[in-house]
file data_7.csv (CSV, C-alpha atoms)
chain,number,residue,atom,x,y,z
A,1,LEU,CA,-22.9,18.5,16.8
A,2,LYS,CA,-19.2,18.9,16.6
A,3,GLY,CA,-16.1,17.1,17.7
A,4,ARG,CA,-12.3,17.0,17.4
A,5,ASP,CA,-10.5,14.7,14.9
A,6,LEU,CA,-8.7,12.2,17.2
A,7,LEU,CA,-6.1,11.6,14.4
A,8,LYS,CA,-5.0,15.2,14.0
A,9,LYS,CA,-2.8,17.4,16.2
A,10,SER,CA,-5.2,20.3,15.7
A,11,THR,CA,-7.8,20.9,18.4
A,12,ASP,CA,-10.3,22.6,16.0
A,13,ASP,CA,-13.8,21.3,16.1
A,14,VAL,CA,-15.2,19.6,13.0
A,15,PRO,CA,-18.9,19.3,12.2
A,16,GLU,CA,-20.3,15.8,13.0
A,17,CYS,CA,-23.3,13.9,11.8
A,18,MET,CA,-23.1,15.5,8.3
A,19,GLY,CA,-24.3,12.2,6.8
A,20,ILE,CA,-27.8,13.5,7.6
A,21,VAL,CA,-27.3,16.1,4.8
A,22,ALA,CA,-26.3,13.5,2.3
A,23,ALA,CA,-29.2,11.3,3.4
A,24,LEU,CA,-31.8,14.0,3.0
A,25,VAL,CA,-30.4,15.0,-0.5
A,26,TYR,CA,-30.6,11.3,-1.5
A,27,LEU,CA,-34.1,10.8,-0.2
A,28,CYS,CA,-35.3,14.0,-1.9
A,29,ALA,CA,-33.8,12.8,-5.2
A,30,LEU,CA,-35.6,9.5,-4.9
A,31,ILE,CA,-38.9,11.2,-4.1
A,32,LEU,CA,-38.6,13.7,-7.0
A,33,PHE,CA,-37.7,10.8,-9.3
A,34,ILE,CA,-41.0,8.9,-8.7
A,35,PRO,CA,-43.0,10.4,-11.6
A,36,PHE,CA,-40.4,9.2,-14.2
A,37,PRO,CA,-40.3,5.4,-13.8
A,38,PHE,CA,-44.0,5.4,-12.9
A,39,ARG,CA,-45.3,7.7,-15.6
A,40,ALA,CA,-47.8,5.0,-16.7
A,41,ALA,CA,-49.9,6.1,-13.8
A,42,PHE,CA,-50.6,9.3,-15.7
A,43,VAL,CA,-51.6,7.7,-19.0
A,44,VAL,CA,-55.0,9.0,-20.2
A,45,ASP,CA,-57.4,6.4,-21.5
A,46,PRO,CA,-58.3,7.5,-25.1
A,47,LEU,CA,-61.9,6.2,-24.6
A,48,THR,CA,-62.7,8.2,-21.5
A,49,SER,CA,-60.1,11.0,-21.8
A,50,GLN,CA,-59.3,10.4,-18.1
A,51,VAL,CA,-56.5,8.7,-16.2
A,52,ASN,CA,-57.3,5.0,-15.9
A,53,PRO,CA,-56.1,3.6,-12.6
A,54,GLU,CA,-55.8,0.2,-14.2
A,55,TYR,CA,-52.8,1.4,-16.1
A,56,ALA,CA,-50.9,2.4,-12.9
A,57,PRO,CA,-48.0,0.1,-12.0
A,58,HIS,CA,-49.3,-0.4,-8.4
A,59,ARG,CA,-47.0,-3.3,-7.6
A,60,GLN,CA,-43.8,-1.6,-8.7
A,61,LEU,CA,-44.8,1.6,-6.9
A,62,ALA,CA,-45.5,-0.3,-3.7
A,63,VAL,CA,-42.0,-1.8,-3.9
A,64,TYR,CA,-40.4,1.5,-4.5
A,65,LEU,CA,-42.3,3.2,-1.7
A,66,ALA,CA,-41.5,0.4,0.8
A,67,ALA,CA,-37.8,0.8,-0.1
A,68,LEU,CA,-38.1,4.6,0.5
A,69,LEU,CA,-39.8,3.9,3.9
A,70,SER,CA,-36.9,1.5,4.9
A,71,LEU,CA,-34.3,4.2,3.9
A,72,LEU,CA,-36.2,6.8,5.9
A,73,ILE,CA,-36.4,4.6,9.0
A,74,ALA,CA,-32.6,3.8,8.7
A,75,THR,CA,-31.8,7.5,8.4
A,76,ILE,CA,-33.8,8.3,11.6
A,77,LEU,CA,-32.2,5.4,13.5
A,78,GLY,CA,-28.8,6.6,12.4
A,79,LEU,CA,-29.4,10.1,13.6
A,80,LEU,CA,-30.6,8.7,16.9
A,81,ASP,CA,-27.4,6.7,17.2
A,82,ASP,CA,-25.4,9.8,16.6
A,83,LEU,CA,-27.3,11.8,19.2
A,84,PHE,CA,-27.4,9.2,21.9
A,85,ASP,CA,-24.2,7.3,21.4
A,86,ILE,CA,-25.8,3.8,21.5
A,87,ARG,CA,-23.5,0.9,22.5
A,88,TRP,CA,-22.3,-1.6,19.9
A,89,ARG,CA,-24.1,-4.5,21.4
A,90,HIS,CA,-27.4,-2.6,21.3
A,91,LYS,CA,-27.0,-1.0,17.9
A,92,LEU,CA,-26.4,-4.3,16.0
A,93,PRO,CA,-30.1,-5.3,15.9
A,94,ILE,CA,-31.4,-1.7,15.2
A,95,PRO,CA,-31.5,-2.2,11.4
A,96,LEU,CA,-34.0,-5.0,11.8
A,97,VAL,CA,-36.7,-2.4,12.4
A,98,ALA,CA,-35.9,-0.7,9.1
A,99,SER,CA,-36.0,-4.0,7.2
A,100,VAL,CA,-39.7,-4.7,8.1
A,101,PRO,CA,-41.2,-2.9,5.1
A,102,LEU,CA,-38.7,-4.7,2.8
A,103,LEU,CA,-39.7,-8.1,4.1
A,104,LEU,CA,-43.4,-7.4,4.0
A,105,VAL,CA,-43.3,-6.2,0.4
A,106,TYR,CA,-41.1,-9.2,-0.5
A,107,HIS,CA,-43.7,-11.5,0.9
A,108,ALA,CA,-46.5,-9.7,-0.8
A,109,GLU,CA,-44.7,-10.1,-4.1
A,110,GLN,CA,-44.5,-13.9,-3.4
A,111,GLY,CA,-40.7,-13.7,-3.6
A,112,ASN,CA,-38.8,-16.9,-3.8
A,113,THR,CA,-37.5,-18.5,-0.7
A,114,HIS,CA,-35.6,-21.3,-2.3
A,115,VAL,CA,-31.9,-21.6,-3.2
A,116,VAL,CA,-30.1,-23.6,-5.8
A,117,PRO,CA,-27.5,-25.9,-4.4
A,118,PRO,CA,-24.2,-26.5,-6.3
A,119,LYS,CA,-24.2,-29.2,-9.0
A,120,PRO,CA,-22.2,-31.7,-6.9
A,121,LEU,CA,-24.9,-31.5,-4.2
A,122,GLN,CA,-28.0,-31.6,-6.3
A,123,GLN,CA,-28.2,-35.4,-6.4
A,124,LEU,CA,-28.3,-35.4,-2.6
A,125,LEU,CA,-30.3,-32.2,-1.9
A,126,GLY,CA,-32.4,-31.8,-5.1
A,127,THR,CA,-32.5,-29.0,-7.7
A,128,TYR,CA,-34.0,-26.5,-5.2
A,129,ILE,CA,-34.1,-26.1,-1.4
A,130,ASP,CA,-37.0,-24.1,0.0
A,131,LEU,CA,-35.8,-22.4,3.2
A,132,GLY,CA,-39.2,-20.8,3.9
A,133,PRO,CA,-39.2,-18.5,7.0
A,134,LEU,CA,-35.4,-19.1,7.3
A,135,TYR,CA,-34.9,-17.1,4.1
A,136,TYR,CA,-36.7,-14.1,5.7
A,137,GLY,CA,-34.4,-14.4,8.7
A,138,TYR,CA,-31.5,-14.4,6.4
A,139,MET,CA,-32.7,-11.2,4.6
A,140,ALA,CA,-33.3,-9.4,8.0
A,141,LEU,CA,-29.8,-10.3,9.0
A,142,LEU,CA,-28.5,-9.1,5.7
A,143,SER,CA,-29.9,-5.6,6.4
A,144,THR,CA,-28.2,-5.7,9.8
A,145,PHE,CA,-24.9,-6.7,8.3
A,146,THR,CA,-24.8,-4.1,5.5
A,147,THR,CA,-25.5,-1.2,7.8
A,148,ASN,CA,-23.3,-2.1,10.6
A,149,SER,CA,-20.4,-3.5,8.6
A,150,ILE,CA,-19.7,-0.1,7.0
A,151,ASN,CA,-20.0,1.5,10.4
A,152,ILE,CA,-17.5,-0.9,12.0
A,153,LEU,CA,-14.9,-0.3,9.3
A,154,ALA,CA,-14.6,3.4,10.0
A,155,GLY,CA,-12.7,6.0,11.9
A,156,ILE,CA,-10.3,7.6,9.4
A,157,ASN,CA,-11.0,10.4,7.0
A,158,GLY,CA,-12.9,9.3,3.9
A,159,VAL,CA,-13.0,5.6,4.6
A,160,GLU,CA,-16.8,5.2,5.1
A,161,VAL,CA,-17.8,7.1,2.0
A,162,ALA,CA,-15.1,5.4,0.0
A,163,GLN,CA,-16.6,2.0,0.8
A,164,THR,CA,-20.0,3.3,-0.3
A,165,ILE,CA,-18.6,4.6,-3.6
A,166,VAL,CA,-16.8,1.4,-4.5
A,167,ILE,CA,-19.7,-0.9,-3.6
A,168,SER,CA,-22.3,1.2,-5.3
A,169,LEU,CA,-20.2,1.4,-8.5
A,170,SER,CA,-19.7,-2.3,-8.4
A,171,ILE,CA,-23.5,-2.9,-8.1
A,172,ILE,CA,-24.1,-0.4,-11.0
A,173,LEU,CA,-21.7,-2.4,-13.2
A,174,ASN,CA,-23.4,-5.6,-12.2
A,175,ASP,CA,-26.9,-4.1,-13.0
A,176,LEU,CA,-25.7,-3.1,-16.4
A,177,LEU,CA,-24.9,-6.7,-17.2
A,178,PHE,CA,-28.6,-7.5,-16.9
A,179,LEU,CA,-29.8,-4.8,-19.3
A,180,PRO,CA,-30.1,-5.2,-23.1
A,181,TRP,CA,-27.2,-3.4,-24.8
A,182,PRO,CA,-27.2,-2.4,-28.5
A,183,PHE,CA,-23.6,-3.4,-28.8
A,184,THR,CA,-21.0,-6.1,-27.7
A,185,LEU,CA,-17.7,-5.4,-26.0
A,186,HIS,CA,-14.7,-7.5,-27.2
A,187,LEU,CA,-11.9,-7.9,-24.7
A,188,GLY,CA,-9.4,-10.3,-26.3
A,189,ARG,CA,-11.0,-13.7,-26.1
A,190,PHE,CA,-13.9,-12.5,-24.0
A,191,GLU,CA,-17.1,-10.9,-25.1
A,192,ILE,CA,-19.4,-8.9,-22.9
A,193,SER,CA,-22.9,-8.3,-24.1
A,194,GLY,CA,-26.2,-7.2,-22.8
A,195,PHE,CA,-28.9,-9.5,-21.3
A,196,PHE,CA,-31.9,-10.3,-23.4
A,197,GLY,CA,-33.4,-12.9,-21.1
A,198,MET,CA,-36.1,-12.7,-18.5
A,199,ALA,CA,-37.9,-9.3,-18.5
A,200,MET,CA,-38.3,-9.7,-14.7
A,201,ALA,CA,-34.6,-9.8,-14.2
A,202,GLN,CA,-34.2,-6.7,-16.3
A,203,GLU,CA,-36.9,-4.9,-14.3
A,204,ARG,CA,-35.2,-5.8,-10.9
A,205,HIS,CA,-31.8,-4.5,-12.0
A,206,LEU,CA,-33.3,-1.4,-13.5
A,207,PHE,CA,-34.9,-0.9,-10.1
A,208,SER,CA,-31.5,-1.3,-8.5
A,209,LEU,CA,-30.1,1.4,-10.7
A,210,TYR,CA,-32.8,3.8,-9.6
A,211,PHE,CA,-31.3,3.6,-6.1
A,212,MET,CA,-27.6,3.1,-6.8
A,213,VAL,CA,-26.9,5.9,-9.3
A,214,PRO,CA,-28.1,8.7,-6.9
A,215,LEU,CA,-26.3,7.0,-4.0
A,216,LEU,CA,-23.1,7.1,-6.0
A,217,ALA,CA,-23.7,10.8,-6.9
A,218,VAL,CA,-24.4,11.8,-3.3
A,219,SER,CA,-21.4,9.9,-2.1
A,220,LEU,CA,-19.0,11.5,-4.5
A,221,GLY,CA,-20.3,14.9,-3.4
A,222,PHE,CA,-19.9,14.0,0.2
A,223,ALA,CA,-16.4,12.5,-0.4
A,224,TYR,CA,-15.2,16.0,-1.5
A,225,HIS,CA,-15.8,17.3,2.0
A,226,ASN,CA,-14.9,14.2,3.9
A,227,LYS,CA,-11.5,13.3,2.2
A,228,TYR,CA,-8.3,13.9,4.1
A,229,PRO,CA,-8.1,16.3,5.8
A,230,ALA,CA,-11.8,16.0,6.5
A,231,ARG,CA,-13.9,19.2,6.9
A,232,VAL,CA,-17.0,17.2,8.0
A,233,PHE,CA,-17.6,13.8,9.6
A,234,PRO,CA,-20.3,11.5,8.3
A,235,GLY,CA,-21.5,10.1,11.7
A,236,ASP,CA,-23.4,6.8,11.9
A,237,THR,CA,-26.2,8.3,9.7
A,238,LEU,CA,-24.3,7.9,6.5
A,239,CYS,CA,-23.4,4.3,7.3
A,240,TYR,CA,-27.0,3.4,8.2
A,241,PHE,CA,-28.7,4.9,5.1
A,242,SER,CA,-26.1,3.7,2.6
A,243,GLY,CA,-26.0,0.3,4.1
A,244,MET,CA,-29.8,0.1,4.0
A,245,ALA,CA,-29.7,1.2,0.4
A,246,PHE,CA,-27.5,-1.8,-0.4
A,247,ALA,CA,-29.9,-4.1,1.5
A,248,VAL,CA,-32.8,-2.6,-0.4
A,249,VAL,CA,-31.4,-3.4,-3.9
A,250,GLY,CA,-30.0,-6.8,-2.8
A,251,ILE,CA,-33.3,-8.0,-1.3
A,252,LEU,CA,-35.8,-6.4,-3.7
A,253,GLY,CA,-33.5,-6.9,-6.7
A,254,HIS,CA,-33.1,-10.6,-5.8
A,255,PHE,CA,-29.3,-10.6,-5.9
A,256,SER,CA,-28.4,-10.7,-2.2
A,257,LYS,CA,-25.7,-13.4,-2.6
A,258,THR,CA,-24.0,-11.3,-5.3
A,259,LEU,CA,-24.2,-8.3,-2.9
A,260,LEU,CA,-22.4,-10.2,-0.2
A,261,LEU,CA,-19.5,-10.8,-2.6
A,262,PHE,CA,-19.0,-7.1,-2.8
A,263,PHE,CA,-18.9,-6.9,1.0
A,264,MET,CA,-15.9,-9.3,1.4
A,265,PRO,CA,-13.7,-6.8,3.2
A,266,GLN,CA,-16.6,-5.8,5.5
A,267,ALA,CA,-17.3,-9.5,6.2
A,268,PHE,CA,-13.7,-10.1,7.1
A,269,ASN,CA,-13.6,-7.0,9.3
A,270,PHE,CA,-16.9,-8.1,11.1
A,271,ILE,CA,-15.6,-11.6,11.8
A,272,LEU,CA,-12.3,-10.1,13.0
A,273,SER,CA,-14.2,-7.6,15.3
A,274,ALA,CA,-16.6,-10.3,16.7
A,275,PRO,CA,-14.5,-11.0,19.9
A,276,GLN,CA,-14.7,-7.3,20.8
A,277,LEU,CA,-18.3,-6.8,19.7
A,278,PHE,CA,-19.5,-9.7,21.7
A,279,GLY,CA,-17.5,-9.0,24.9
A,280,ILE,CA,-14.8,-11.7,24.7
A,281,ILE,CA,-12.2,-8.9,24.5
A,282,PRO,CA,-12.9,-5.5,25.9
A,283,CYS,CA,-14.1,-3.0,23.2
A,284,PRO,CA,-13.2,0.6,23.8
A,285,ARG,CA,-15.5,3.4,22.6
A,286,HIS,CA,-13.1,4.3,19.8
A,287,ARG,CA,-11.0,1.6,18.1
A,288,VAL,CA,-9.3,4.0,15.6
A,289,PRO,CA,-5.5,3.9,15.2
A,290,LYS,CA,-3.3,5.9,17.6
A,291,LEU,CA,-1.7,9.1,16.5
A,292,ARG,CA,2.1,9.4,16.8
A,293,ALA,CA,4.1,12.5,17.5
A,294,ASP,CA,5.4,12.5,13.9
A,295,GLY,CA,1.8,12.5,12.5
A,296,LYS,CA,1.8,8.9,11.4
A,297,LEU,CA,-0.5,6.2,12.8
A,298,ASP,CA,0.1,3.1,15.0
A,299,PRO,CA,-2.3,0.3,15.9
A,300,SER,CA,-4.4,1.3,18.9
A,301,ILE,CA,-4.3,-1.0,21.9
A,302,ALA,CA,-7.0,-2.6,24.1
A,303,GLU,CA,-5.9,-3.4,27.7
A,304,ILE,CA,-7.3,-6.6,29.3
A,305,PRO,CA,-6.9,-6.9,33.1
A,306,ASN,CA,-7.4,-10.5,34.4
A,307,PRO,CA,-8.2,-12.1,31.1
A,308,SER,CA,-10.4,-15.2,31.1
A,309,VAL,CA,-9.3,-18.5,29.6
A,310,LEU,CA,-11.5,-17.9,26.6
A,311,THR,CA,-9.9,-14.5,26.1
A,312,ILE,CA,-6.4,-15.9,26.2
A,313,VAL,CA,-7.3,-18.7,23.7
A,314,CYS,CA,-8.7,-16.0,21.4
A,315,LEU,CA,-5.6,-13.8,21.7
A,316,ARG,CA,-3.3,-16.7,21.0
A,317,LEU,CA,-5.3,-17.6,17.9
A,318,LEU,CA,-5.1,-13.9,16.7
A,319,LYS,CA,-1.4,-13.8,17.3
A,320,PHE,CA,-0.9,-17.1,15.4
A,321,LEU,CA,-2.8,-15.8,12.4
A,322,GLY,CA,-0.9,-12.6,12.5
A,323,LEU,CA,-4.0,-10.4,12.9
A,324,ALA,CA,-3.0,-8.6,16.1
A,325,LYS,CA,-0.1,-7.5,18.2
A,326,VAL,CA,-0.7,-9.5,21.5
A,327,LYS,CA,1.1,-9.4,24.8
A,328,VAL,CA,0.1,-11.7,27.8
A,329,ALA,CA,1.7,-11.5,31.2
A,330,ARG,CA,3.4,-14.7,32.4
A,331,ASP,CA,1.0,-14.9,35.4
A,332,ARG,CA,-1.9,-14.1,33.1
A,333,SER,CA,-3.0,-11.2,35.2
A,334,TYR,CA,-2.8,-8.8,32.3
A,335,ALA,CA,-2.9,-8.8,28.5
A,336,GLU,CA,-3.2,-6.4,25.7
A,337,THR,CA,-3.9,-6.5,22.0
A,338,SER,CA,-4.2,-4.2,19.1
A,339,ASN,CA,-7.9,-3.4,18.4
A,340,LEU,CA,-9.5,-5.9,16.0
A,341,THR,CA,-10.2,-3.9,12.8
A,342,ILE,CA,-8.7,-4.1,9.3
A,343,LEU,CA,-7.2,-0.6,9.9
A,344,ASN,CA,-5.1,-1.9,12.8
A,345,VAL,CA,-4.2,-5.1,10.9
A,346,ILE,CA,-2.9,-3.1,8.0
A,347,LEU,CA,-0.8,-1.0,10.4
A,348,THR,CA,0.6,-4.1,12.1
A,349,LYS,CA,1.8,-5.2,8.6
A,350,THR,CA,3.0,-1.9,7.2
A,351,GLY,CA,4.3,-0.1,10.3
A,352,PRO,CA,3.5,3.6,10.9
A,353,ILE,CA,2.0,5.3,7.9
A,354,LYS,CA,0.0,8.5,7.3
A,355,GLU,CA,-3.8,8.5,7.6
A,356,SER,CA,-4.3,9.3,3.9
A,357,THR,CA,-2.1,6.4,3.0
A,358,LEU,CA,-4.1,4.1,5.2
A,359,THR,CA,-7.3,5.2,3.5
A,360,ARG,CA,-5.8,4.4,0.1
A,361,TYR,CA,-4.9,0.9,1.3
A,362,VAL,CA,-8.5,0.3,2.3
A,363,ILE,CA,-9.8,1.6,-1.0
A,364,GLY,CA,-7.4,-0.6,-2.8
A,365,ILE,CA,-8.6,-3.7,-0.8
A,366,GLN,CA,-12.2,-2.8,-1.6
A,367,LEU,CA,-11.4,-2.5,-5.3
A,368,LEU,CA,-9.6,-5.8,-5.5
A,369,SER,CA,-12.4,-7.5,-3.6
A,370,SER,CA,-14.9,-6.2,-6.2
A,371,VAL,CA,-12.7,-7.6,-9.0
A,372,LEU,CA,-12.6,-10.9,-7.2
A,373,ALA,CA,-16.4,-10.7,-6.7
A,374,PHE,CA,-17.0,-10.4,-10.4
A,375,ALA,CA,-14.6,-13.3,-11.1
A,376,VAL,CA,-16.4,-15.5,-8.6
A,377,ARG,CA,-19.9,-14.4,-9.8
A,378,TYR,CA,-19.4,-14.8,-13.5
A,379,GLY,CA,-16.3,-17.1,-13.7
A,380,PHE,CA,-16.0,-19.6,-10.9
A,381,ALA,CA,-19.8,-19.9,-10.4
A,382,SER,CA,-20.2,-21.5,-13.8
A,383,LEU,CA,-18.2,-24.5,-12.5
A,384,VAL,CA,-20.7,-25.3,-9.8
A,385,TYR,CA,-24.0,-24.0,-11.4
A,386,ASP,CA,-25.7,-24.7,-14.7
A,387,SER,CA,-26.1,-22.2,-17.5
A,388,ASP,CA,-25.6,-18.4,-17.5
A,389,ARG,CA,-26.4,-17.5,-13.9
A,390,ARG,CA,-27.5,-14.0,-15.0
call {"tool": "encode", "arguments": {"input": "data_7.csv", "output": "structure tokens"}}
result
Amino acid sequence: LKGRDLLKKSTDDVPECMGIVAALVYLCALILFIPFPFRAAFVVDPLTSQVNPEYAPHRQLAVYLAALLSLLIATILGLLDDLFDIRWRHKLPIPLVASVPLLLVYHAEQGNTHVVPPKPLQQLLGTYIDLGPLYYGYMALLSTFTTNSINILAGINGVEVAQTIVISLSIILNDLLFLPWPFTLHLGRFEISGFFGMAMAQERHLFSLYFMVPLLAVSLGFAYHNKYPARVFPGDTLCYFSGMAFAVVGILGHFSKTLLLFFMPQAFNFILSAPQLFGIIPCPRHRVPKLRADGKLDPSIAEIPNPSVLTIVCLRLLKFLGLAKVKVARDRSYAETSNLTILNVILTKTGPIKESTLTRYVIGIQLLSSVLAFAVRYGFASLVYDSDRR
């Protein structure tokens, strides 16, 4: 498993699919961690001097093991994708298989399937709306989105693992807001304190920390080898298992909507890529930027012979919004466009830049989106929802 870096002049081979190493380290860490949060299973009954199975946290352990099973399935599917080069239109639904254990344990826990509408709509829709089976469909699609969205925003050194680091760090900070602190932070007029409300909310976010802290640690270690110039490539395996880890904590931690806020760049990139992913515009195997002779990058181009009316309408809309460089022949027999990814959009705005600079731009966008996500979640949300939404 090796390949050449398409954005380097060097023809040396680089090891591919090294995300499997990070995934195995991550899974081993989670397995070895099991005795610590579930040590109540080893409590000896003072009356019988034996372990009493009634003390064992069966429900919490079942949730934890179901999460591990989903992560293992996602890792295997990611490895298969790396080995057999599955087409985009076929790989999109693959994570649905890995989400089955999550949905089953969520149902067994009698998880909520209702949502709270904003205050202006509550007189019309009521205080709660029970979505029933539709909510399970939403959670299944969430797992598909988190895994594939990181995979779609890829192709330059360090960008996949950088997304994982920023999103996992954002989730960790969000989890800490739901735990009881022995102190209060004073930031000017603002005060940030711990959460002393529902014990169930604290348990769910502590569960999230069990998965996010080792994910952050593994990602930081992998980033050392994957940063520019990369000595290893992550492959689809890293994207699959890290994306599934985010789906696990979002679904079983019951904060899937907050999770989506941290994925704003990935959501934009997915919507931007949709015309290519669904065949309206041809989608080449690699949509990474194009290497220039001076070592800088230009947007890569997709050629479109005999474009359809729908394709031309889509191209004109992209050109109007400034999201792509588009050319259409006068007789409409030929068209071309820059490939539809955030990476190419950035290059159309900045002009030729180095690969390492492009990676820093993406990291900056991800960081700013996380700041905006916290502002929306804990600032603007109070305008349309009652009370402290923690």
call {"tool": "residues_around", "arguments": {"input": "data_7.csv", "residues": "Asn157 in chain A", "least_positions_apart": "5", "cutoff": "10 Å", "atoms": "all atoms listed in the file", "output": "PyMOL selection string"}}
result
chain A and resi 5+7+162+223+225-234+355-356+358-359
call {"tool": "write_last_selection", "arguments": {"input": "data_7.csv", "atoms": "C-alpha atoms", "output": "mmCIF file, in the frame of the given file"}}
result
data_model
loop_
_atom_site.group_PDB
_atom_site.id
_atom_site.type_symbol
_atom_site.label_atom_id
_atom_site.label_comp_id
_atom_site.auth_asym_id
_atom_site.auth_seq_id
_atom_site.Cartn_x
_atom_site.Cartn_y
_atom_site.Cartn_z
ATOM 1 C CA ASP A 5 -10.500 14.700 14.900
ATOM 2 C CA LEU A 7 -6.100 11.600 14.400
ATOM 3 C CA ALA A 162 -15.100 5.400 0.000
ATOM 4 C CA ALA A 223 -16.400 12.500 -0.400
ATOM 5 C CA HIS A 225 -15.800 17.300 2.000
ATOM 6 C CA ASN A 226 -14.900 14.200 3.900
ATOM 7 C CA LYS A 227 -11.500 13.300 2.200
ATOM 8 C CA TYR A 228 -8.300 13.900 4.100
ATOM 9 C CA PRO A 229 -8.100 16.300 5.800
ATOM 10 C CA ALA A 230 -11.800 16.000 6.500
ATOM 11 C CA ARG A 231 -13.900 19.200 6.900
ATOM 12 C CA VAL A 232 -17.000 17.200 8.000
ATOM 13 C CA PHE A 233 -17.600 13.800 9.600
ATOM 14 C CA PRO A 234 -20.300 11.500 8.300
ATOM 15 C CA GLU A 355 -3.800 8.500 7.600
ATOM 16 C CA SER A 356 -4.300 9.300 3.900
ATOM 17 C CA LEU A 358 -4.100 4.100 5.200
ATOM 18 C CA THR A 359 -7.300 5.200 3.500
#
call {"tool": "atom_distance", "arguments": {"input": "data_7.csv", "atom1": "CA of Gln276 in chain A", "atom2": "CA of Val97 in chain A"}}
result
24.1 Å
call {"tool": "closest_residue", "arguments": {"input": "data_7.csv", "among": "A:Leu372, A:Ile301, A:Val218, A:Leu340", "to": "Ser168 in chain A", "atoms": "only C-alpha atoms"}}
result
A:Val218
call {"tool": "closest_atom_pairs", "arguments": {"input": "data_7.csv", "of": "range 51-151 of chain A", "to": "range 252-271 of chain A", "cutoff": "7 Å", "atoms": "all atoms listed in the file", "output": "JSON lines"}}
result
{"residue": "A:Tyr106", "atom": "CA", "partner": "A:Leu252", "partner_atom": "CA", "distance": 6.8}
{"residue": "A:Ser149", "atom": "CA", "partner": "A:Gln266", "partner_atom": "CA", "distance": 5.4}
{"residue": "A:Ile150", "atom": "CA", "partner": "A:Gln266", "partner_atom": "CA", "distance": 6.7}
call {"tool": "residues_around", "arguments": {"input": "data_7.csv", "residues": "range 24-37 of chain A", "least_positions_apart": "5", "cutoff": "10 Å", "atoms": "only C-alpha atoms", "output": "list in words"}}
result
Gly19, Phe42, Pro57, Gln60, Leu61, Tyr64, Leu65, Leu68, Leu69, Leu71, Leu72, Thr75, Leu206, Phe207, Tyr210, Phe211, Pro214, Leu215, Leu216, Ala217, Val218, Ser219, Phe241 and Ser242 of chain A
call {"tool": "atom_distance", "arguments": {"input": "data_7.csv", "atom1": "CA of Ser143 in chain A", "atom2": "CA of Arg287 in chain A"}}
result
23.4 Å
call {"tool": "closest_residue", "arguments": {"input": "data_7.csv", "among": "A:Leu310, A:Ala22, A:Leu321, A:Ile165", "to": "Leu367 in chain A", "atoms": "only C-alpha atoms"}}
result
A:Ile165
call {"tool": "closest_residue", "arguments": {"input": "data_7.csv", "among": "A:Ala247, A:Val288, A:Leu343, A:Leu177", "to": "Ser300 in chain A", "atoms": "all atoms listed in the file"}}
result
A:Val288
call {"tool": "atom_distance", "arguments": {"input": "data_7.csv", "atom1": "CA of Ala23 in chain A", "atom2": "CA of Leu238 in chain A"}}
result
6.7 Å
call {"tool": "closest_residue", "arguments": {"input": "data_7.csv", "among": "A:Gly158, A:Gly78, A:Gly111, A:Pro307", "to": "Tyr240 in chain A", "atoms": "all atoms listed in the file"}}
result
A:Gly78
call {"tool": "closest_residue", "arguments": {"input": "data_7.csv", "among": "A:Ser273, A:Asn151, A:Ser208, A:Thr311", "to": "Asp82 in chain A", "atoms": "all atoms listed in the file"}}
result
A:Asn151
call {"tool": "residues_around", "arguments": {"input": "data_7.csv", "residues": "His205 in chain A", "least_positions_apart": "3", "cutoff": "7 Å", "atoms": "all atoms listed in the file", "output": "ChimeraX atom specification"}}
result
/A:175,178,201-202,208-209,253
call {"tool": "closest_residue", "arguments": {"input": "data_7.csv", "among": "A:Pro133, A:Cys239, A:Gly322, A:Val159", "to": "Thr146 in chain A", "atoms": "all atoms listed in the file"}}
result
A:Cys239
call {"tool": "residues_around", "arguments": {"input": "data_7.csv", "residues": "Pro299 in chain A", "least_positions_apart": "5", "cutoff": "6 Å", "atoms": "only C-alpha atoms", "output": "PyMOL selection string"}}
result
chain A and resi 289-290+338+344+347
call {"tool": "write_last_selection", "arguments": {"input": "data_7.csv", "atoms": "C-alpha atoms", "output": "compact mmCIF listing (two decimals), in the frame of the given file"}}
result
# COMPACT_ATOMS: atom_id res chain seq x y z
CA PRO A 289 -5.50 3.90 15.20
CA LYS A 290 -3.30 5.90 17.60
CA SER A 338 -4.20 -4.20 19.10
CA ASN A 344 -5.10 -1.90 12.80
CA LEU A 347 -0.80 -1.00 10.40
call {"tool": "residues_near_point", "arguments": {"input": "data_7.csv", "point": "(-6.8, -9.1, 24.6)", "cutoff": "9 Å", "atoms": "only C-alpha atoms", "output": "PyMOL selection string"}}
result
chain A and resi 276+280-282+301-305+307+311-312+314-315+326-328+334-339
call {"tool": "residues_around", "arguments": {"input": "data_7.csv", "residues": "Glu16 in chain A", "least_positions_apart": "3", "cutoff": "6 Å", "atoms": "only C-alpha atoms", "output": "JSON, numbers by chain"}}
result
{"A": [1, 2, 233, 235]}
call {"tool": "residues_near_point", "arguments": {"input": "data_7.csv", "point": "(-38.1, -20.2, -2.6)", "cutoff": "7 Å", "atoms": "only C-alpha atoms", "output": "list in words"}}
result
Asn112, Thr113, His114, Val115, Asp130, Leu131 and Gly132 of chain A
